[in-house]
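Enquirer: What follows is a structure written as structure tokens; I'll ask about it next.
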Amino acid sequence: MAATLAGNVNLLGAGAVNLVVRFFTPNTYTEVMKACSPTDASGNFTIYGITPGTYDVGVKADNSLSILAEDEVFTDGNTTDINFGDLLRGDLDGNDLIDLLDKGVLTDNYGKWGDCVSHGGDWLLPECPSPPPPGGACYGYVIS
């Protein structure tokens, strides 16, 4: 079997977004799984097929800073609920920093950085494997 993540991000007035969800070995920068999922208009999303274990879990949308939840426990056949908090927007170049390179996006978030800014790897949506996960859709399933 596998575990499930029922997550939520506060969209701060933005519409639904596509999230990249990365699972790291706790207290390291080692990515062990990656998934993607759309949120609904309230910021809720679900990821299925998680290998049971303890992970630091990072989420990021296009033009947002990453958010990290640390030491989250996933058990076989169960759902772990995580509220990631506010999804801060303004990272136009995808480097997990809001700085001068973001070409004039001078907002309340200027000078901030994401929780996962030092984590290796990237935040590009992962490609769907062949064959795709159950149900024929990649969104909502661990795919790498």
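Numbering starts fresh at 1 for the residues of each chain in the structure tokens, the chains themselves are lettered A, B, ... in the order given, and ligands are numbered from 1 as they appear.
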Need the shell around Val20 of chain A: protein/DNA/RNA residues with any atom at most 10 Å away, counting only C-alpha atoms. Skip same-chain ones fewer than 5 positions apart. Format as a ChimeraX atom specification?
Expert: /A:34-38,58-62,66,122-126,139-140
Enquirer: With C-alpha atoms retained, could you export that selection as a compact mmCIF listing (two decimals), in the first residue's frame?
Expert:
```
# COMPACT_ATOMS: atom_id res chain seq x y z
CA LYS A 34 8.29 14.35 -6.58
CA ALA A 35 4.66 14.89 -7.51
CA CYS A 36 2.38 17.56 -8.92
CA SER A 37 -1.21 18.46 -8.29
CA PRO A 38 -3.65 21.24 -9.04
CA GLY A 58 8.06 21.27 0.01
CA VAL A 59 5.42 22.86 -2.24
CA LYS A 60 5.82 25.56 -4.88
CA ALA A 61 3.67 27.05 -7.64
CA ASP A 62 4.78 29.09 -10.64
CA SER A 66 8.39 27.44 -1.76
CA ASP A 122 14.24 21.91 -9.61
CA TRP A 123 10.61 22.88 -9.37
CA LEU A 124 9.63 22.03 -12.94
CA LEU A 125 6.52 19.89 -13.24
CA PRO A 126 7.73 16.30 -13.53
CA TYR A 139 -1.66 14.88 -11.37
CA GLY A 140 -2.04 13.87 -7.76
```
Enquirer: To one decimal place in Å, what is the distance between atom CA of Tyr29 of chain A and atom CA of Ile143 of chain A?
Expert: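 Distance between the two atoms: 18.9 Å.
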Enquirer: Could you work out how far atom CA of Val57 of chain A lies from atom CA of Asn44 of chain A, giving the answer in Å with one decimal?
Expert: 15.4 Å
Enquirer: Hey, what's within 8 Å of Ala6 of chain A if we count only C-alpha atoms and toss same-chain stuff fewer than 6 positions away? As a VMD selection string, please?
Expert: chain A and resid 44 to 47 79 to 82
Enquirer: May I have the residues within 7 Å of segment 90-97 of chain A as a list in words, using only C-alpha atoms and disregarding those fewer than 5 positions away in the same chain?
Expert: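 Near segment 90-97 of chain A, the qualifying residues are Asn63, Ser64, Leu65, Ser66, Asp102, Val105, Lys112, Trp113, Gly114 and Val117 of chain A.
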Enquirer: DSSP on the backbone, strand (DSSP E or B) only: what residues of chain A does that give? Format it as number ranges by chain.
Expert: A: 3-10, 18-24, 31-38, 44-50, 53-61, 63-64, 67-74, 79-86, 89-91, 97, 113, 141-142
Enquirer: Tell me which of A:Tyr55, A:Leu87, A:Ala41, A:Ile67 sits closest to Thr28 of chain A, counting only C-alpha atoms.
Expert: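 Distance minimum relative to Thr28 of chain A lands on A:Tyr55.
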Enquirer: Set the distance at 10 Å and use only C-alpha atoms: which residues neighbour Asn83 of chain A once local chain neighbours fewer than 4 positions away are removed? I'd like the list as a list in words.
Expert: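 What passes the distance filter is Ala6, Gly7, Asn8, Val9, Asn10, Gly43, Asn44 and Ala69 of chain A.
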Enquirer: Just give me the gap between atom CA of Gly77 of chain A and atom CA of Asp40 of chain A in Å, one decimal is fine.
Expert: 23.6 Å
